[in-house]
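Structure file upload.cif (mmCIF, C-alpha atoms and all ligand atoms; chains and numbers go by the auth columns) follows.
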```cif
data_start
loop_
_atom_site.group_PDB
_atom_site.id
_atom_site.type_symbol
_atom_site.label_atom_id
_atom_site.label_comp_id
_atom_site.label_asym_id
_atom_site.label_seq_id
_atom_site.Cartn_x
_atom_site.Cartn_y
_atom_site.Cartn_z
_atom_site.B_iso_or_equiv
_atom_site.auth_seq_id
_atom_site.auth_asym_id
ATOM 1 C CA MET A 1 -2.194 -21.067 -5.969 0.00 914 A
ATOM 2 C CA LYS A 2 -5.100 -19.657 -3.970 0.00 915 A
ATOM 3 C CA VAL A 3 -4.244 -17.249 -1.167 0.00 916 A
ATOM 4 C CA LEU A 4 -6.391 -15.081 1.095 0.00 917 A
ATOM 5 C CA GLY A 5 -5.038 -11.561 0.548 0.00 918 A
ATOM 6 C CA ILE A 6 -5.578 -9.033 3.333 0.00 919 A
ATOM 7 C CA ASP A 7 -4.733 -5.338 3.171 0.00 920 A
ATOM 8 C CA ILE A 8 -4.459 -3.649 6.572 0.00 921 A
ATOM 9 C CA GLY A 9 -5.252 0.038 6.226 0.00 922 A
ATOM 10 C CA GLY A 10 -5.582 3.002 8.566 0.00 923 A
ATOM 11 C CA SER A 11 -9.320 2.521 9.124 0.00 924 A
ATOM 12 C CA SER A 12 -10.206 -0.933 7.788 0.00 925 A
ATOM 13 C CA LEU A 13 -9.023 -4.350 6.684 0.00 926 A
ATOM 14 C CA LYS A 14 -9.924 -5.514 3.198 0.00 927 A
ATOM 15 C CA GLY A 15 -9.672 -9.115 2.138 0.00 928 A
ATOM 16 C CA ALA A 16 -10.514 -11.594 -0.586 0.00 929 A
ATOM 17 C CA PRO A 17 -9.249 -14.944 -1.837 0.00 930 A
ATOM 18 C CA VAL A 18 -6.996 -14.405 -4.852 0.00 931 A
ATOM 19 C CA ASP A 19 -5.922 -16.641 -7.704 0.00 932 A
ATOM 20 C CA THR A 20 -2.231 -15.766 -7.742 0.00 933 A
ATOM 21 C CA LYS A 21 -1.776 -17.001 -11.341 0.00 934 A
ATOM 22 C CA THR A 22 -4.200 -14.404 -12.717 0.00 935 A
ATOM 23 C CA GLY A 23 -4.571 -11.823 -9.929 0.00 936 A
ATOM 24 C CA GLU A 24 -8.331 -12.347 -9.962 0.00 937 A
ATOM 25 C CA LEU A 25 -10.504 -12.249 -6.868 0.00 938 A
ATOM 26 C CA LEU A 26 -12.251 -15.558 -6.249 0.00 939 A
ATOM 27 C CA ALA A 27 -15.007 -13.997 -4.129 0.00 940 A
ATOM 28 C CA GLU A 28 -16.357 -10.542 -3.435 0.00 941 A
ATOM 29 C CA ARG A 29 -14.028 -8.385 -1.323 0.00 942 A
ATOM 30 C CA HIS A 30 -14.916 -8.183 2.368 0.00 943 A
ATOM 31 C CA ARG A 31 -14.225 -5.175 4.565 0.00 944 A
ATOM 32 C CA ILE A 32 -13.892 -4.967 8.337 0.00 945 A
ATOM 33 C CA ASP A 33 -13.924 -1.416 9.702 0.00 946 A
ATOM 34 C CA THR A 34 -11.452 -0.590 12.446 0.00 947 A
ATOM 35 C CA PRO A 35 -12.466 2.844 13.736 0.00 948 A
ATOM 36 C CA ALA A 36 -10.329 2.392 16.863 0.00 949 A
ATOM 37 C CA ARG A 37 -6.577 1.650 16.742 0.00 950 A
ATOM 38 C CA LEU A 38 -6.258 -2.109 17.119 0.00 951 A
ATOM 39 C CA THR A 39 -3.524 -3.668 19.223 0.00 952 A
ATOM 40 C CA PRO A 40 -1.561 -6.459 17.495 0.00 953 A
ATOM 41 C CA GLU A 41 -3.668 -9.069 19.341 0.00 954 A
ATOM 42 C CA GLU A 42 -6.901 -7.358 18.246 0.00 955 A
ATOM 43 C CA MET A 43 -5.575 -7.172 14.688 0.00 956 A
ATOM 44 C CA GLY A 44 -4.895 -10.917 14.860 0.00 957 A
ATOM 45 C CA ALA A 45 -8.507 -11.446 15.903 0.00 958 A
ATOM 46 C CA ALA A 46 -9.708 -9.287 12.977 0.00 959 A
ATOM 47 C CA ILE A 47 -7.580 -11.364 10.570 0.00 960 A
ATOM 48 C CA ALA A 48 -9.103 -14.531 12.045 0.00 961 A
ATOM 49 C CA ARG A 49 -12.594 -13.023 11.492 0.00 962 A
ATOM 50 C CA MET A 50 -11.675 -12.261 7.873 0.00 963 A
ATOM 51 C CA ALA A 51 -10.545 -15.879 7.353 0.00 964 A
ATOM 52 C CA ALA A 52 -13.746 -17.139 9.016 0.00 965 A
ATOM 53 C CA HIS A 53 -15.853 -14.957 6.695 0.00 966 A
ATOM 54 C CA PHE A 54 -14.435 -16.842 3.699 0.00 967 A
ATOM 55 C CA ASP A 55 -14.288 -20.139 5.612 0.00 968 A
ATOM 56 C CA TRP A 56 -10.579 -19.997 4.727 0.00 969 A
ATOM 57 C CA LYS A 57 -8.046 -22.614 5.889 0.00 970 A
ATOM 58 C CA GLY A 58 -5.260 -21.986 3.365 0.00 971 A
ATOM 59 C CA PRO A 59 -2.330 -19.536 3.327 0.00 972 A
ATOM 60 C CA ILE A 60 -2.854 -15.852 4.102 0.00 973 A
ATOM 61 C CA GLY A 61 -0.871 -12.908 2.729 0.00 974 A
ATOM 62 C CA VAL A 62 -1.034 -9.712 4.771 0.00 975 A
ATOM 63 C CA GLY A 63 -0.046 -6.203 3.667 0.00 976 A
ATOM 64 C CA PHE A 64 0.910 -3.929 6.575 0.00 977 A
ATOM 65 C CA PRO A 65 1.327 -0.123 6.487 0.00 978 A
ATOM 66 C CA GLY A 66 4.868 -0.009 7.886 0.00 979 A
ATOM 67 C CA VAL A 67 8.387 -1.301 7.248 0.00 980 A
ATOM 68 C CA VAL A 68 8.421 -5.117 7.272 0.00 981 A
ATOM 69 C CA GLN A 69 11.661 -7.079 7.496 0.00 982 A
ATOM 70 C CA GLY A 70 10.940 -10.795 7.259 0.00 983 A
ATOM 71 C CA ARG A 71 8.429 -11.519 10.035 0.00 984 A
ATOM 72 C CA VAL A 72 9.083 -8.335 11.977 0.00 985 A
ATOM 73 C CA VAL A 73 7.340 -4.952 11.716 0.00 986 A
ATOM 74 C CA ARG A 74 9.812 -2.082 12.118 0.00 987 A
ATOM 75 C CA THR A 75 7.624 1.047 11.880 0.00 988 A
ATOM 76 C CA SER A 76 3.964 1.854 12.436 0.00 989 A
ATOM 77 C CA ALA A 77 3.326 5.519 11.591 0.00 990 A
ATOM 78 C CA ASN A 78 -0.479 5.292 11.420 0.00 991 A
ATOM 79 C CA LEU A 79 -1.247 2.093 13.355 0.00 992 A
ATOM 80 C CA HIS A 80 -0.709 0.915 16.939 0.00 993 A
ATOM 81 C CA PRO A 81 2.866 1.446 18.227 0.00 994 A
ATOM 82 C CA GLY A 82 2.743 -2.050 19.750 0.00 995 A
ATOM 83 C CA PHE A 83 3.601 -3.424 16.296 0.00 996 A
ATOM 84 C CA ILE A 84 7.084 -1.904 16.308 0.00 997 A
ATOM 85 C CA GLY A 85 9.697 -4.640 16.756 0.00 998 A
ATOM 86 C CA LEU A 86 6.999 -7.333 16.864 0.00 999 A
ATOM 87 C CA ASP A 87 7.063 -10.715 15.102 0.00 1000 A
ATOM 88 C CA ALA A 88 3.604 -10.028 13.670 0.00 1001 A
ATOM 89 C CA VAL A 89 3.625 -13.257 11.654 0.00 1002 A
ATOM 90 C CA GLU A 90 3.681 -15.202 14.903 0.00 1003 A
ATOM 91 C CA VAL A 91 0.772 -13.214 16.369 0.00 1004 A
ATOM 92 C CA PHE A 92 -1.326 -13.471 13.183 0.00 1005 A
ATOM 93 C CA GLU A 93 -0.595 -17.190 12.646 0.00 1006 A
ATOM 94 C CA ARG A 94 -1.578 -17.981 16.211 0.00 1007 A
ATOM 95 C CA ALA A 95 -4.835 -16.043 15.829 0.00 1008 A
ATOM 96 C CA ALA A 96 -5.796 -17.377 12.390 0.00 1009 A
ATOM 97 C CA GLY A 97 -4.438 -20.926 12.726 0.00 1010 A
ATOM 98 C CA ALA A 98 -2.967 -20.671 9.222 0.00 1011 A
ATOM 99 C CA GLU A 99 0.319 -19.854 7.513 0.00 1012 A
ATOM 100 C CA VAL A 100 0.804 -16.093 7.163 0.00 1013 A
ATOM 101 C CA SER A 101 3.263 -13.994 5.155 0.00 1014 A
ATOM 102 C CA LEU A 102 3.777 -10.282 5.723 0.00 1015 A
ATOM 103 C CA VAL A 103 4.766 -7.493 3.333 0.00 1016 A
ATOM 104 C CA ASN A 104 4.648 -3.691 3.327 0.00 1017 A
ATOM 105 C CA ASP A 105 1.263 -2.544 1.969 0.00 1018 A
ATOM 106 C CA ALA A 106 2.653 -0.284 -0.769 0.00 1019 A
ATOM 107 C CA ASP A 107 5.149 -2.959 -1.834 0.00 1020 A
ATOM 108 C CA ALA A 108 2.145 -5.306 -2.086 0.00 1021 A
ATOM 109 C CA ALA A 109 0.219 -2.812 -4.233 0.00 1022 A
ATOM 110 C CA GLY A 110 3.317 -2.394 -6.388 0.00 1023 A
ATOM 111 C CA LEU A 111 3.665 -6.166 -6.860 0.00 1024 A
ATOM 112 C CA ALA A 112 0.069 -6.329 -8.114 0.00 1025 A
ATOM 113 C CA GLU A 113 0.582 -3.422 -10.525 0.00 1026 A
ATOM 114 C CA ALA A 114 3.987 -4.667 -11.727 0.00 1027 A
ATOM 115 C CA THR A 115 2.660 -8.185 -12.343 0.00 1028 A
ATOM 116 C CA PHE A 116 -0.850 -7.608 -13.678 0.00 1029 A
ATOM 117 C CA GLY A 117 -1.501 -3.856 -13.849 0.00 1030 A
ATOM 118 C CA ALA A 118 -0.098 -0.508 -14.963 0.00 1031 A
ATOM 119 C CA GLY A 119 3.546 -1.587 -14.525 0.00 1032 A
ATOM 120 C CA ARG A 120 3.275 -4.914 -16.332 0.00 1033 A
ATOM 121 C CA GLY A 121 6.271 -5.450 -18.617 0.00 1034 A
ATOM 122 C CA VAL A 122 7.655 -1.935 -18.001 0.00 1035 A
ATOM 123 C CA GLN A 123 11.456 -1.787 -17.968 0.00 1036 A
ATOM 124 C CA GLY A 124 13.509 0.777 -16.082 0.00 1037 A
ATOM 125 C CA ALA A 125 12.646 2.533 -12.840 0.00 1038 A
ATOM 126 C CA VAL A 126 8.976 2.405 -11.902 0.00 1039 A
ATOM 127 C CA LEU A 127 7.774 4.205 -8.793 0.00 1040 A
ATOM 128 C CA LEU A 128 4.344 3.406 -7.363 0.00 1041 A
ATOM 129 C CA LEU A 129 2.907 5.820 -4.794 0.00 1042 A
ATOM 130 C CA THR A 130 -0.286 5.205 -2.830 0.00 1043 A
ATOM 131 C CA PHE A 131 -2.136 8.276 -1.587 0.00 1044 A
ATOM 132 C CA GLY A 132 -4.355 7.079 1.278 0.00 1045 A
ATOM 133 C CA THR A 133 -4.158 7.553 5.052 0.00 1046 A
ATOM 134 C CA GLY A 134 -0.410 7.959 4.502 0.00 1047 A
ATOM 135 C CA VAL A 135 1.743 7.907 1.379 0.00 1048 A
ATOM 136 C CA GLY A 136 3.239 4.521 0.522 0.00 1049 A
ATOM 137 C CA SER A 137 5.927 3.837 -2.060 0.00 1050 A
ATOM 138 C CA ALA A 138 7.221 0.868 -4.028 0.00 1051 A
ATOM 139 C CA LEU A 139 10.245 1.101 -6.310 0.00 1052 A
ATOM 140 C CA PHE A 140 10.893 -1.378 -9.135 0.00 1053 A
ATOM 141 C CA VAL A 141 13.834 -1.742 -11.476 0.00 1054 A
ATOM 142 C CA ASP A 142 13.058 -3.893 -14.522 0.00 1055 A
ATOM 143 C CA GLY A 143 10.190 -5.431 -12.547 0.00 1056 A
ATOM 144 C CA ILE A 144 12.282 -6.238 -9.454 0.00 1057 A
ATOM 145 C CA LEU A 145 11.178 -4.658 -6.166 0.00 1058 A
ATOM 146 C CA TYR A 146 13.544 -2.716 -3.933 0.00 1059 A
ATOM 147 C CA PRO A 147 11.685 -3.344 -0.631 0.00 1060 A
ATOM 148 C CA ASN A 148 10.636 -0.879 2.059 0.00 1061 A
ATOM 149 C CA THR A 149 11.259 2.422 0.344 0.00 1062 A
ATOM 150 C CA GLU A 150 9.513 4.891 2.672 0.00 1063 A
ATOM 151 C CA PHE A 151 9.165 7.937 0.445 0.00 1064 A
ATOM 152 C CA GLY A 152 6.093 9.149 2.349 0.00 1065 A
ATOM 153 C CA HIS A 153 8.514 9.970 5.148 0.00 1066 A
ATOM 154 C CA VAL A 154 10.895 12.130 3.140 0.00 1067 A
ATOM 155 C CA LYS A 155 10.822 15.367 5.127 0.00 1068 A
ATOM 156 C CA ARG A 156 9.397 18.788 4.358 0.00 1069 A
ATOM 157 C CA ASP A 157 10.268 21.330 7.071 0.00 1070 A
ATOM 158 C CA GLY A 158 10.966 18.451 9.471 0.00 1071 A
ATOM 159 C CA GLU A 159 7.618 16.712 8.866 0.00 1072 A
ATOM 160 C CA SER A 160 6.858 13.686 6.693 0.00 1073 A
ATOM 161 C CA TRP A 161 5.600 14.656 3.234 0.00 1074 A
ATOM 162 C CA GLU A 162 2.646 12.294 3.739 0.00 1075 A
ATOM 163 C CA ARG A 163 1.295 14.813 6.289 0.00 1076 A
ATOM 164 C CA PHE A 164 0.799 17.230 3.360 0.00 1077 A
ATOM 165 C CA VAL A 165 -0.032 15.117 0.328 0.00 1078 A
ATOM 166 C CA SER A 166 -1.821 11.924 1.435 0.00 1079 A
ATOM 167 C CA GLY A 167 -5.494 11.516 0.534 0.00 1080 A
ATOM 168 C CA ALA A 168 -6.313 12.046 4.216 0.00 1081 A
ATOM 169 C CA ALA A 169 -4.192 15.250 4.256 0.00 1082 A
ATOM 170 C CA LYS A 170 -6.148 16.665 1.297 0.00 1083 A
ATOM 171 C CA GLU A 171 -9.362 16.235 3.299 0.00 1084 A
ATOM 172 C CA ARG A 172 -7.879 17.473 6.577 0.00 1085 A
ATOM 173 C CA ARG A 173 -6.410 20.564 4.906 0.00 1086 A
ATOM 174 C CA GLY A 174 -9.617 21.260 2.961 0.00 1087 A
ATOM 175 C CA LEU A 175 -7.720 21.541 -0.351 0.00 1088 A
ATOM 176 C CA ASP A 176 -9.330 21.337 -3.764 0.00 1089 A
ATOM 177 C CA TYR A 177 -7.643 19.201 -6.432 0.00 1090 A
ATOM 178 C CA ALA A 178 -5.735 22.097 -7.991 0.00 1091 A
ATOM 179 C CA ALA A 179 -4.215 23.244 -4.682 0.00 1092 A
ATOM 180 C CA TRP A 180 -3.439 19.716 -3.542 0.00 1093 A
ATOM 181 C CA ALA A 181 -1.873 18.846 -6.921 0.00 1094 A
ATOM 182 C CA GLY A 182 0.407 21.868 -6.493 0.00 1095 A
ATOM 183 C CA ASP A 183 1.870 20.318 -3.348 0.00 1096 A
ATOM 184 C CA VAL A 184 1.926 16.856 -4.949 0.00 1097 A
ATOM 185 C CA SER A 185 4.009 18.337 -7.803 0.00 1098 A
ATOM 186 C CA THR A 186 6.574 19.777 -5.386 0.00 1099 A
ATOM 187 C CA TYR A 187 6.733 16.403 -3.622 0.00 1100 A
ATOM 188 C CA LEU A 188 7.091 14.441 -6.859 0.00 1101 A
ATOM 189 C CA ASN A 189 9.820 16.854 -8.008 0.00 1102 A
ATOM 190 C CA VAL A 190 11.775 15.978 -4.832 0.00 1103 A
ATOM 191 C CA LEU A 191 11.403 12.247 -5.592 0.00 1104 A
ATOM 192 C CA GLU A 192 12.235 12.788 -9.263 0.00 1105 A
ATOM 193 C CA ASP A 193 15.503 14.423 -8.254 0.00 1106 A
ATOM 194 C CA LEU A 194 16.318 11.421 -6.042 0.00 1107 A
ATOM 195 C CA VAL A 195 15.379 8.400 -8.169 0.00 1108 A
ATOM 196 C CA TRP A 196 14.559 9.661 -11.711 0.00 1109 A
ATOM 197 C CA PRO A 197 11.631 7.306 -12.367 0.00 1110 A
ATOM 198 C CA ASP A 198 10.750 6.366 -15.942 0.00 1111 A
ATOM 199 C CA LEU A 199 7.154 5.894 -14.871 0.00 1112 A
ATOM 200 C CA ILE A 200 5.129 6.896 -11.811 0.00 1113 A
ATOM 201 C CA ILE A 201 2.006 4.895 -10.937 0.00 1114 A
ATOM 202 C CA ALA A 202 -0.449 6.702 -8.665 0.00 1115 A
ATOM 203 C CA GLY A 203 -2.563 4.472 -6.431 0.00 1116 A
ATOM 204 C CA GLY A 204 -4.848 4.766 -3.436 0.00 1117 A
ATOM 205 C CA GLY A 205 -8.515 5.748 -3.462 0.00 1118 A
ATOM 206 C CA ILE A 206 -7.783 9.196 -4.871 0.00 1119 A
ATOM 207 C CA SER A 207 -6.281 7.713 -8.043 0.00 1120 A
ATOM 208 C CA ALA A 208 -9.835 6.958 -9.197 0.00 1121 A
ATOM 209 C CA ASP A 209 -10.205 10.759 -9.563 0.00 1122 A
ATOM 210 C CA HIS A 210 -6.964 11.133 -11.537 0.00 1123 A
ATOM 211 C CA ALA A 211 -8.680 13.082 -14.322 0.00 1124 A
ATOM 212 C CA LYS A 212 -9.284 15.863 -11.770 0.00 1125 A
ATOM 213 C CA TRP A 213 -5.678 16.248 -10.648 0.00 1126 A
ATOM 214 C CA PHE A 214 -3.222 14.786 -13.192 0.00 1127 A
ATOM 215 C CA PRO A 215 -3.762 17.815 -15.508 0.00 1128 A
ATOM 216 C CA HIS A 216 -2.571 20.150 -12.698 0.00 1129 A
ATOM 217 C CA LEU A 217 0.730 18.306 -12.123 0.00 1130 A
ATOM 218 C CA LYS A 218 4.016 19.919 -13.116 0.00 1131 A
ATOM 219 C CA ILE A 219 6.407 16.969 -13.242 0.00 1132 A
ATOM 220 C CA ARG A 220 8.793 15.535 -15.820 0.00 1133 A
ATOM 221 C CA SER A 221 7.971 11.827 -15.465 0.00 1134 A
ATOM 222 C CA ARG A 222 5.169 9.984 -17.181 0.00 1135 A
ATOM 223 C CA ILE A 223 2.388 9.276 -14.685 0.00 1136 A
ATOM 224 C CA VAL A 224 -0.509 6.804 -14.931 0.00 1137 A
ATOM 225 C CA ALA A 225 -3.227 5.689 -12.532 0.00 1138 A
ATOM 226 C CA ALA A 226 -3.006 2.293 -10.882 0.00 1139 A
ATOM 227 C CA GLU A 227 -5.248 -0.237 -12.600 0.00 1140 A
ATOM 228 C CA PHE A 228 -6.265 -2.157 -9.500 0.00 1141 A
ATOM 229 C CA LEU A 229 -7.447 0.925 -7.596 0.00 1142 A
ATOM 230 C CA ASN A 230 -8.371 -0.267 -4.117 0.00 1143 A
ATOM 231 C CA GLU A 231 -7.668 -3.938 -4.652 0.00 1144 A
ATOM 232 C CA ALA A 232 -3.944 -3.704 -5.424 0.00 1145 A
ATOM 233 C CA GLY A 233 -2.900 -4.147 -1.788 0.00 1146 A
ATOM 234 C CA LEU A 234 -4.761 -7.356 -1.138 0.00 1147 A
ATOM 235 C CA VAL A 235 -3.908 -8.880 -4.521 0.00 1148 A
ATOM 236 C CA GLY A 236 -0.213 -8.052 -4.013 0.00 1149 A
ATOM 237 C CA ALA A 237 -0.230 -9.417 -0.461 0.00 1150 A
ATOM 238 C CA ALA A 238 -1.517 -12.705 -1.891 0.00 1151 A
ATOM 239 C CA LEU A 239 1.152 -12.656 -4.626 0.00 1152 A
ATOM 240 C CA HIS A 240 3.853 -12.088 -2.036 0.00 1153 A
ATOM 241 C CA ALA A 241 2.570 -15.041 0.010 0.00 1154 A
ATOM 242 C CA ALA A 242 2.576 -17.278 -3.078 0.00 1155 A
ATOM 243 C CA ARG A 243 6.255 -16.433 -3.572 0.00 1156 A
ATOM 244 C CA ALA A 244 7.282 -16.532 0.092 0.00 1157 A
ATOM 245 C CA LEU A 245 5.381 -19.494 1.561 0.00 1158 A
HETATM 246 C C1 LIG B . 4.095 3.892 6.171 0.00 1 B
HETATM 247 C C2 LIG B . 4.380 3.036 4.955 0.00 1 B
HETATM 248 C C3 LIG B . 3.069 2.712 4.247 0.00 1 B
HETATM 249 C C4 LIG B . 2.309 3.988 3.932 0.00 1 B
HETATM 250 C C5 LIG B . 0.968 3.714 3.295 0.00 1 B
HETATM 251 C C6 LIG B . 3.326 5.128 5.742 0.00 1 B
HETATM 252 O O1 LIG B . 3.066 5.945 6.852 0.00 1 B
HETATM 253 O O2 LIG B . 5.308 4.289 6.811 0.00 1 B
HETATM 254 O O3 LIG B . 5.051 1.866 5.330 0.00 1 B
HETATM 255 O O4 LIG B . 3.343 2.007 3.073 0.00 1 B
HETATM 256 O O5 LIG B . 2.108 4.757 5.106 0.00 1 B
HETATM 257 O O6 LIG B . 0.144 2.971 4.115 0.00 1 B
#
```
If you convert what's in this file into structure tokens, what do you get?
Amino acid sequence: MKVLGIDIGGSSLKGAPVDTKTGELLAERHRIDTPARLTPEEMGAAIARMAAHFDWKGPIGVGFPGVVQGRVVRTSANLHPGFIGLDAVEVFERAAGAEVSLVNDADAAGLAEATFGAGRGVQGAVLLLTFGTGVGSALFVDGILYPNTEFGHVKRDGESWERFVSGAAKERRGLDYAAWAGDVSTYLNVLEDLVWPDLIIAGGGISADHAKWFPHLKIRSRIVAAEFLNEAGLVGAALHAARAL
């Protein structure tokens, strides 16, 4: 099946047509920057522009950075609050004139890694974390996803851990890799005590630099970098659509 995968992020949308049998991109990835916070209607228009860029009429899989239950967005920590409680599938389908499926962005990235990447064939508990604008999580048991884990919002002193350890937080706090990895270790130790993962997969842009920070980690689980790097979200969104539509 061929699906247009779109990954909605904090500052851009990334999209490409995906062959869901192989996970391969069928055209070069396209990016639409969203410096301002888009309303749901504006996001629909951006999705329609993405489809138009690829002259796409087929199904679309969208990864969204918040809790997604069926067609409805439940949380929107880093995007427009107008998404909360909204049937976003309806808004996006109306804008794009195509069938749309919706999934949490980290769950999408996890689906790509579990199917084609660093988690392929791994049994037991696999925890994928994306370190980007926020921290996203996807938890798998023997390859099956437990949806909408929101481990970026586990609290430290009343604030979400993603405020301290996301890729954006590293920049905002002016931390070098060693200092940031110290906080990441404390965070991962909290998660380790909760879900005892057999394997942690680190994703998000910062995972490309894993050689600079993995050696500083003090954790008991095995950790590897995501294989898809920045494309996991859109590939997984397409995979989810192929299963759901
Ligand atoms: C959201 C998650 C999302 C993560 C990464 C968090 O703030 O609550 O749903 O997966 O950011 O985008």
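Shortest separation to ligand LIG 1 (chain B) among A:Ala1157, A:Val1054, A:Val1004, A:Ile921 occurs at residue A:Ile921, atoms counted being all atoms listed in the file.
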Specify as a compact mmCIF listing (two decimals) with C-alpha atoms, keeping the file's coordinate frame each residue included when the PyMOL selection byres (((chain A and resi 1008) around 7) and not hetatm) is applied to this file.
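Below is the file selection06.txt, written as the result:
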```txt
# COMPACT_ATOMS: atom_id res chain seq x y z
CA GLY A 957 -4.89 -10.92 14.86
CA ALA A 958 -8.51 -11.45 15.90
CA ALA A 961 -9.10 -14.53 12.04
CA VAL A 1004 0.77 -13.21 16.37
CA PHE A 1005 -1.33 -13.47 13.18
CA GLU A 1006 -0.60 -17.19 12.65
CA ARG A 1007 -1.58 -17.98 16.21
CA ALA A 1009 -5.80 -17.38 12.39
CA GLY A 1010 -4.44 -20.93 12.73
```
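Identified as lying at most 7 Å from ligand LIG 1 (chain B) when counting all atoms listed in the file are the residues Gly922, Pro978, Gly979, Val980, Thr988, Ser989, Ala990, Asn991, Asn1017, Asp1018, Ala1019, Thr1043, Gly1045, Thr1046, Gly1047, Val1048, Gly1049, Ser1050, Glu1063, Gly1065 and His1066 of chain A.
Applied to the file shown here, the PyMOL selection byres (((chain A and resi 1098) around 12) and not hetatm) selects Trp1074, Phe1077, Val1078, Tyr1090, Ala1091, Ala1092, Trp1093, Ala1094, Gly1095, Asp1096, Val1097, Thr1099, Tyr1100, Leu1101, Asn1102, Val1103, Leu1104, Glu1105, Trp1126, Phe1127, Pro1128, His1129, Leu1130, Lys1131, Ile1132, Arg1133, Ser1134 and Ile1136 of chain A.
The closest residue to Ala1138 of chain A, picked from A:Gly1071, A:Gly1117, A:Gly1037, A:Gly923 and counting all atoms listed in the file, is A:Gly1117.
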As JSON, what would the box around segment 1071-1085 of chain A look like: edges along x, y and z, 6 Å added on every side, centre and edge lengths in Å to one decimal?
```
{"center_x": 0.8, "center_y": 15.0, "center_z": 4.9, "size_x": 32.3, "size_y": 18.9, "size_z": 21.1}
```
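Listed by chain and then by number, the residues chosen by the PyMOL selection byres (((chain A and resi 1113) around 9) and not hetatm) in this file are Ala1038, Val1039, Leu1040, Leu1041, Leu1042, Pro1110, Asp1111, Leu1112, Ile1114, Ala1115, Ser1134, Arg1135, Ile1136, Val1137 and Ala1138 of chain A.
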Can I get the selected residues back with C-alpha atoms, as a compact mmCIF listing (two decimals), in the coordinates of the input?
```
# COMPACT_ATOMS: atom_id res chain seq x y z
CA ALA A 1038 12.65 2.53 -12.84
CA VAL A 1039 8.98 2.40 -11.90
CA LEU A 1040 7.77 4.20 -8.79
CA LEU A 1041 4.34 3.41 -7.36
CA LEU A 1042 2.91 5.82 -4.79
CA PRO A 1110 11.63 7.31 -12.37
CA ASP A 1111 10.75 6.37 -15.94
CA LEU A 1112 7.15 5.89 -14.87
CA ILE A 1114 2.01 4.89 -10.94
CA ALA A 1115 -0.45 6.70 -8.66
CA SER A 1134 7.97 11.83 -15.46
CA ARG A 1135 5.17 9.98 -17.18
CA ILE A 1136 2.39 9.28 -14.68
CA VAL A 1137 -0.51 6.80 -14.93
CA ALA A 1138 -3.23 5.69 -12.53
```
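For the pair atom CA of Arg1156 of chain A and atom CA of Leu999 of chain A, the interatomic distance is 22.4 Å.
For Leu939 of chain A, the set of protein, DNA and RNA residues having any atom at most 10 Å away, when counting all atoms listed in the file and skipping those fewer than 6 positions along the same chain, is Lys915, Val916, Leu917, Ala929, Pro930, Val931 and Asp932 of chain A.
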Would you output that residue set with C-alpha atoms, as a PDB file, keeping the file's coordinate frame?
```pdb
ATOM      1  CA  LYS A 915      -5.100 -19.657  -3.970  1.00  0.00           C
ATOM      2  CA  VAL A 916      -4.244 -17.249  -1.167  1.00  0.00           C
ATOM      3  CA  LEU A 917      -6.391 -15.081   1.095  1.00  0.00           C
ATOM      4  CA  ALA A 929     -10.514 -11.594  -0.586  1.00  0.00           C
ATOM      5  CA  PRO A 930      -9.249 -14.944  -1.837  1.00  0.00           C
ATOM      6  CA  VAL A 931      -6.996 -14.405  -4.852  1.00  0.00           C
ATOM      7  CA  ASP A 932      -5.922 -16.641  -7.704  1.00  0.00           C
TER       8      ASP A 932
END
```
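Nearest-residue note for Gly1056 of chain A: choosing from A:Lys1068, A:Phe1044, A:Gly1034, A:Pro953, the minimum distance belongs to A:Gly1034, counting only C-alpha atoms.
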Looking at all atoms listed in the file, which of A:Phe1141, A:Phe967, A:Leu926, A:Glu1012 is the one that sits closest to Glu941 of chain A?
A:Phe967
Kindly give the distance, in Å, that separates atom CA of Ala1051 of chain A and atom CA of Gly1023 of chain A, rounded to a single decimal.
5.6 Å
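One distance worth recording is that between atom CA of Val981 of chain A and atom CA of Leu1015 of chain A, which is 7.1 Å.
Among the candidates A:Gly918, A:Thr1062, A:Gly1116, A:Val1016, the one nearest to Trp969 of chain A when counting only C-alpha atoms is A:Gly918.
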Give as a PyMOL selection string every residue, naming chains and numbers as the document does, that has an atom within 10 Å of (3.7, -4.3, 15.8), counting only C-alpha atoms.
chain A and resi 952-954+956+977+979+981+985-989+992-1002+1004
From the options A:Asp1070, A:Asp1106, A:Asp946, A:Glu1026, which residue's atoms come nearest to Val1148 of chain A, counting only C-alpha atoms?
A:Glu1026
